[in-house]
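First comes the structure, then the notes that go with it.
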Amino acid sequence: MTTAISASLQSAVRALNAANWPELKRLCESVLQQDARQSEAWFLLSVAAAAERKPSTALTLVGRALALQPDNAEYLAQQARYHTQLHQHAAALAAADRALALQPQRPLLLDTLGVVYSKLGEQAKAAMALRAAVQLAPTNAQYHFNLGSVEQFLGNAEAARLCYEQALALKPDFCRAYWALSELEKNAGNSGLLARMLELQSKPGIGTEDMLYLSHAIAREYEKLGDAAQAFAQLERGKQQRKQQVHYTGSSDAALFDAMRNAFPLSSSAVASNPSANDSGSNAIFIVGMPRSGTTLVERMLASHSQVISLGELQELPLAVKRVAKTASPVVLDTATITAACAADVAAIGDQYLQRLKDRVPADKRFIDKMPLNFLYVGFILEALPAAKVVCLRRNPLDTILSNYRQLFALDFSYYNYHYDLADTARYYVLFHRLMNHWQQRYGDRFHEVHYEQLTATPEPVLRHLLNHLKLPWEADCLAFHDNPTASTTASSIQIRQPLYTSAVGRWRKYGELLQPARAVLDNEGIAWDH
């Protein structure tokens, strides 16, 4: 390596640290013009491409780096990350495993691997990598936070709490850690953090996202104190700022729901009248429903059956629809994609979906795809995979709306933007309610509903009925779901470690007039909520 090339690569690293992507690209391209075998230049270009949200380009570039240095753990870790962004599960896992086998000792690299493994659902491997990262860099708050998340997914509540507390000790203004701790201990006693959080909230210059996390954490503390009014005031304080930032109006969601009903009208469904004509998807069980309606509970019950495994919340079905539609829009689902997918060969959606999962499902098992928002795709599911089973969770409207409003969903997932406002959440529920009635009318018994209140009140008969619908024999272990040791990455990751409880039924009654905006929306639509 010449002195000039070495200097350029050092300057490129400085550009990377400053997030100066144009300068980084200029320097690396200059290096490669002089010597195309400089693997670090290819690697840095891949990082720049990933930062510009071009994962396919990043994957190609890091491949050039690995062709020159096939045993570079850092390159492999980033390759795994890019594969993950492209939802290429098997390739991502293979790259991550190769990187970990090289026994890397850089904490940032180990943290990257931990995050990748967690996104791939490999929580035990994620914990291994993140524990090593924390041991090597014990003063890094983010590493402690990431490990805490994985410990929580694994059901290690005490370990997760210690990680979040350590993150806060290292970074007292770590708003997301306050929120994570509040979620972990939502049913515990007073955390003693309220005064600290209120003081932090009063400081100037808190960003919208930090305010959102902090407001949710403070709201949890007020709920524990029985002060629903203050809890709602805090939620509104954080959520309204975020709503203004994302410019949510609800019209785009309404258009999507209308497009789905129009794409699958009640007047025509050849598959619905003859579901036995095609056995495609016979091993697939889709659990759908509004978030916070009991989907995780049913998933854990079914996954405790000896013939069933859960693959978690998959993106494969929406991505299969998008790929078959071949629309150029940057979002996964829009009206143009629905129209194009319906005009294409619908069977190709099922083929793509099953092909992407074939290496993850044992031949003798049924599998669960528990993506709640797949309720939008029921038409595509039952037309493309005629033998698949769809289980939809229904819950009291006000309890559903309240639980969605109180929850903080992924900030980078626009399909949850409704939950930044109580009335918007109620209007979204109305859209859901109409669409589920539509699916029920179109598909009849092929669209199986489970009511959360009935399940928690009389679990065995409801579960027996569900297993019979799924053509699965009764197994008592399904009622002992809380003993299932497998990881869960949902908002219910701690609750599902407990035996069945009914305390969440009728929770809306505690909030009285605070729910009036939601009740007004439901009343206007004629949807009963006082039951």
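Labeling convention for the structure tokens: chains A, B, ... as they appear, residues from 1 per chain, ligands from 1 in order of appearance.
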
I'd like the contact shell of A:Val150 - 7 Å cut-off, only C-alpha atoms, skipping same-chain residues fewer than 5 positions apart - returned as a PDB file with N, CA and C atoms, in the first residue's frame.
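Output saved as selection02.pdb:
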ATOM      1  N   SER A 118     -30.462 -10.811  16.701  1.00  0.00           N
ATOM      2  CA  SER A 118     -31.759 -10.531  17.313  1.00  0.00           C
ATOM      3  C   SER A 118     -32.834 -10.330  16.251  1.00  0.00           C
ATOM      4  N   GLN A 123     -32.073 -15.282  19.318  1.00  0.00           N
ATOM      5  CA  GLN A 123     -31.833 -14.486  20.522  1.00  0.00           C
ATOM      6  C   GLN A 123     -30.716 -15.063  21.393  1.00  0.00           C
ATOM      7  N   ALA A 126     -27.616 -13.887  19.852  1.00  0.00           N
ATOM      8  CA  ALA A 126     -27.548 -12.430  20.060  1.00  0.00           C
ATOM      9  C   ALA A 126     -27.030 -12.129  21.458  1.00  0.00           C
ATOM     10  N   ALA A 127     -27.537 -12.853  22.446  1.00  0.00           N
ATOM     11  CA  ALA A 127     -27.105 -12.640  23.827  1.00  0.00           C
ATOM     12  C   ALA A 127     -25.622 -12.957  23.991  1.00  0.00           C
TER      13      ALA A 127
END

Give me the residues near stretch 241-243 of chain A as a PyMOL selection string, where near means some atom within 10 Å (using only C-alpha atoms) and where sequence neighbours in that chain fewer than 2 positions away do not count. chain A and resi 207-209+211-212+236-239+245-249+411+417-421

Excluding stretch 217-228 of chain A and any residue of its chain fewer than 6 positions from it, enumerate the residues within 7 Å of it, using only C-alpha atoms, and give them as a PDB file with N, CA, C and O atoms, in the first residue's frame.
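Full text of around.pdb as output:
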ATOM      1  N   TYR A 178     -35.212   4.588  29.838  1.00  0.00           N
ATOM      2  CA  TYR A 178     -36.303   4.796  30.805  1.00  0.00           C
ATOM      3  C   TYR A 178     -37.565   4.095  30.312  1.00  0.00           C
ATOM      4  O   TYR A 178     -38.274   3.432  31.080  1.00  0.00           O
ATOM      5  N   TRP A 179     -37.855   4.282  29.016  1.00  0.00           N
ATOM      6  CA  TRP A 179     -39.058   3.665  28.456  1.00  0.00           C
ATOM      7  C   TRP A 179     -38.972   2.137  28.522  1.00  0.00           C
ATOM      8  O   TRP A 179     -39.950   1.473  28.913  1.00  0.00           O
ATOM      9  N   SER A 182     -39.631   0.942  31.921  1.00  0.00           N
ATOM     10  CA  SER A 182     -41.051   1.075  32.277  1.00  0.00           C
ATOM     11  C   SER A 182     -41.876  -0.029  31.634  1.00  0.00           C
ATOM     12  O   SER A 182     -42.837  -0.529  32.238  1.00  0.00           O
ATOM     13  N   LYS A 186     -43.991  -2.829  33.810  1.00  0.00           N
ATOM     14  CA  LYS A 186     -45.280  -2.163  33.707  1.00  0.00           C
ATOM     15  C   LYS A 186     -46.278  -2.638  34.765  1.00  0.00           C
ATOM     16  O   LYS A 186     -47.176  -1.889  35.151  1.00  0.00           O
ATOM     17  N   GLY A 189     -44.340  -2.489  41.002  1.00  0.00           N
ATOM     18  CA  GLY A 189     -44.619  -1.316  41.819  1.00  0.00           C
ATOM     19  C   GLY A 189     -43.900  -0.090  41.302  1.00  0.00           C
ATOM     20  O   GLY A 189     -43.246  -0.094  40.262  1.00  0.00           O
ATOM     21  N   ASN A 190     -44.011   0.991  42.079  1.00  0.00           N
ATOM     22  CA  ASN A 190     -43.373   2.247  41.697  1.00  0.00           C
ATOM     23  C   ASN A 190     -41.869   2.055  41.530  1.00  0.00           C
ATOM     24  O   ASN A 190     -41.197   1.488  42.388  1.00  0.00           O
ATOM     25  N   LEU A 194     -39.754   8.428  38.837  1.00  0.00           N
ATOM     26  CA  LEU A 194     -40.638   9.482  38.340  1.00  0.00           C
ATOM     27  C   LEU A 194     -40.022  10.864  38.479  1.00  0.00           C
ATOM     28  O   LEU A 194     -40.032  11.662  37.528  1.00  0.00           O
ATOM     29  N   MET A 197     -37.304  11.441  35.913  1.00  0.00           N
ATOM     30  CA  MET A 197     -37.813  11.578  34.551  1.00  0.00           C
ATOM     31  C   MET A 197     -38.497  12.937  34.356  1.00  0.00           C
ATOM     32  O   MET A 197     -38.344  13.572  33.312  1.00  0.00           O
ATOM     33  N   GLN A 234     -49.541  12.936  29.803  1.00  0.00           N
ATOM     34  CA  GLN A 234     -48.181  12.649  29.370  1.00  0.00           C
ATOM     35  C   GLN A 234     -48.156  11.988  27.988  1.00  0.00           C
ATOM     36  O   GLN A 234     -47.329  12.340  27.139  1.00  0.00           O
ATOM     37  N   LEU A 235     -49.058  11.048  27.772  1.00  0.00           N
ATOM     38  CA  LEU A 235     -49.124  10.407  26.467  1.00  0.00           C
ATOM     39  C   LEU A 235     -49.409  11.427  25.369  1.00  0.00           C
ATOM     40  O   LEU A 235     -48.772  11.425  24.318  1.00  0.00           O
ATOM     41  N   TYR A 511     -60.591   4.423  32.841  1.00  0.00           N
ATOM     42  CA  TYR A 511     -60.203   5.700  32.245  1.00  0.00           C
ATOM     43  C   TYR A 511     -61.372   6.648  31.995  1.00  0.00           C
ATOM     44  O   TYR A 511     -61.150   7.803  31.627  1.00  0.00           O
TER      45      TYR A 511
END

For A:Glu74, the closest of A:Glu183, A:Glu40, A:Glu299, A:Glu52 counting only C-alpha atoms is A:Glu40

Based on the backbone DSSP call, show me all residues of stretch 99-209 of chain A assigned helix (DSSP H, G or I), as JSON, numbers by chain. {"A": [99, 100, 101, 107, 108, 109, 110, 111, 112, 113, 114, 115, 116, 117, 118, 119, 123, 124, 125, 126, 127, 128, 129, 130, 131, 132, 133, 134, 135, 136, 141, 142, 143, 144, 145, 146, 147, 148, 149, 150, 151, 152, 153, 157, 158, 159, 160, 161, 162, 163, 164, 165, 166, 167, 168, 169, 170, 175, 176, 177, 178, 179, 180, 181, 182, 183, 184, 194, 195, 196, 197, 198, 199, 200, 201, 208, 209]}

A:Tyr501: which residues within 10 Å, counting only C-alpha atoms, same-chain residues fewer than 6 positions away excluded, as a compact mmCIF listing (two decimals) with all heavy atoms, in the first residue's frame?
# COMPACT_ATOMS: atom_id res chain seq x y z
N THR A 456 -59.63 -15.84 27.63
CA THR A 456 -59.12 -15.69 28.99
C THR A 456 -60.10 -16.19 30.05
O THR A 456 -59.69 -16.64 31.11
CB THR A 456 -58.77 -14.22 29.28
OG1 THR A 456 -59.91 -13.39 29.03
CG2 THR A 456 -57.60 -13.76 28.42
N ALA A 457 -61.41 -16.14 29.73
CA ALA A 457 -62.41 -16.60 30.69
C ALA A 457 -62.54 -18.12 30.70
O ALA A 457 -62.63 -18.74 31.77
CB ALA A 457 -63.77 -15.96 30.37
N GLN A 495 -45.23 -10.66 29.75
CA GLN A 495 -46.54 -11.17 30.18
C GLN A 495 -46.75 -12.63 29.83
O GLN A 495 -47.39 -13.37 30.59
CB GLN A 495 -47.68 -10.34 29.57
CG GLN A 495 -47.77 -8.93 30.13
CD GLN A 495 -47.06 -7.94 29.23
OE1 GLN A 495 -45.90 -8.14 28.89
NE2 GLN A 495 -47.75 -6.88 28.85

Need to verify the contact set: A:Thr295, 10 Å, only C-alpha atoms, exclusion of same-chain residues closer than 2 positions in sequence. Can you return it as a ChimeraX atom specification? /A:287-293,297-300,370-372,391-394,450,452,490,492

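Nearest-residue note for A:Met128: choosing from A:Glu199, A:Asp173, A:Asp351, A:Glu151, the minimum distance belongs to A:Glu151, counting only C-alpha atoms.
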
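Taking atom CA of A:Arg509 as the reference point, atom CA of A:Leu398 is found at 9.0 Å.
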
What's around stretch 130-147 of chain A at 12 Å? Count only C-alpha atoms, leave out sequence neighbours fewer than 3 positions away in its own chain, and write the answer as a VMD selection string. chain A and resid 100 103 to 119 123 to 127 150 to 154 156 to 157 159 to 181

Strand (DSSP E) call set, DSSP backbone run, stretch 164-333 of chain A, as a PyMOL selection string: chain A and resi 284-289+308-310

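Across the model, the gap from atom CA of A:Gln78 to atom CA of A:Glu29 is 19.7 Å.
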
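Among the candidates A:Ser304, A:Ser191, A:Gln454, A:Thr339, the one nearest to A:Asp258 when counting only C-alpha atoms is A:Thr339.
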
Residues within 9 Å of A:Ala341, only C-alpha atoms, excluding chain neighbours under 5 positions, as a PyMOL selection string: chain A and resi 321-327+336+346+349+380

Next, write the just-selected residues to a file, as a PDB file, in the first residue's frame, keeping C-alpha atoms as the atom set.
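Result file result-v7.pdb:
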ATOM      1  CA  VAL A 321     -47.043  -9.399  -2.636  1.00  0.00           C
ATOM      2  CA  LYS A 322     -44.744  -6.475  -3.406  1.00  0.00           C
ATOM      3  CA  ARG A 323     -42.384  -8.572  -5.517  1.00  0.00           C
ATOM      4  CA  VAL A 324     -45.183 -10.083  -7.584  1.00  0.00           C
ATOM      5  CA  ALA A 325     -46.778  -6.650  -8.031  1.00  0.00           C
ATOM      6  CA  LYS A 326     -43.438  -5.206  -9.268  1.00  0.00           C
ATOM      7  CA  THR A 327     -44.476  -1.671  -8.348  1.00  0.00           C
ATOM      8  CA  ALA A 336     -51.090   0.562  -6.766  1.00  0.00           C
ATOM      9  CA  VAL A 346     -51.788 -14.685  -7.331  1.00  0.00           C
ATOM     10  CA  ILE A 349     -47.350 -14.901  -4.174  1.00  0.00           C
ATOM     11  CA  PHE A 380     -54.033 -12.565  -0.670  1.00  0.00           C
TER      12      PHE A 380
END
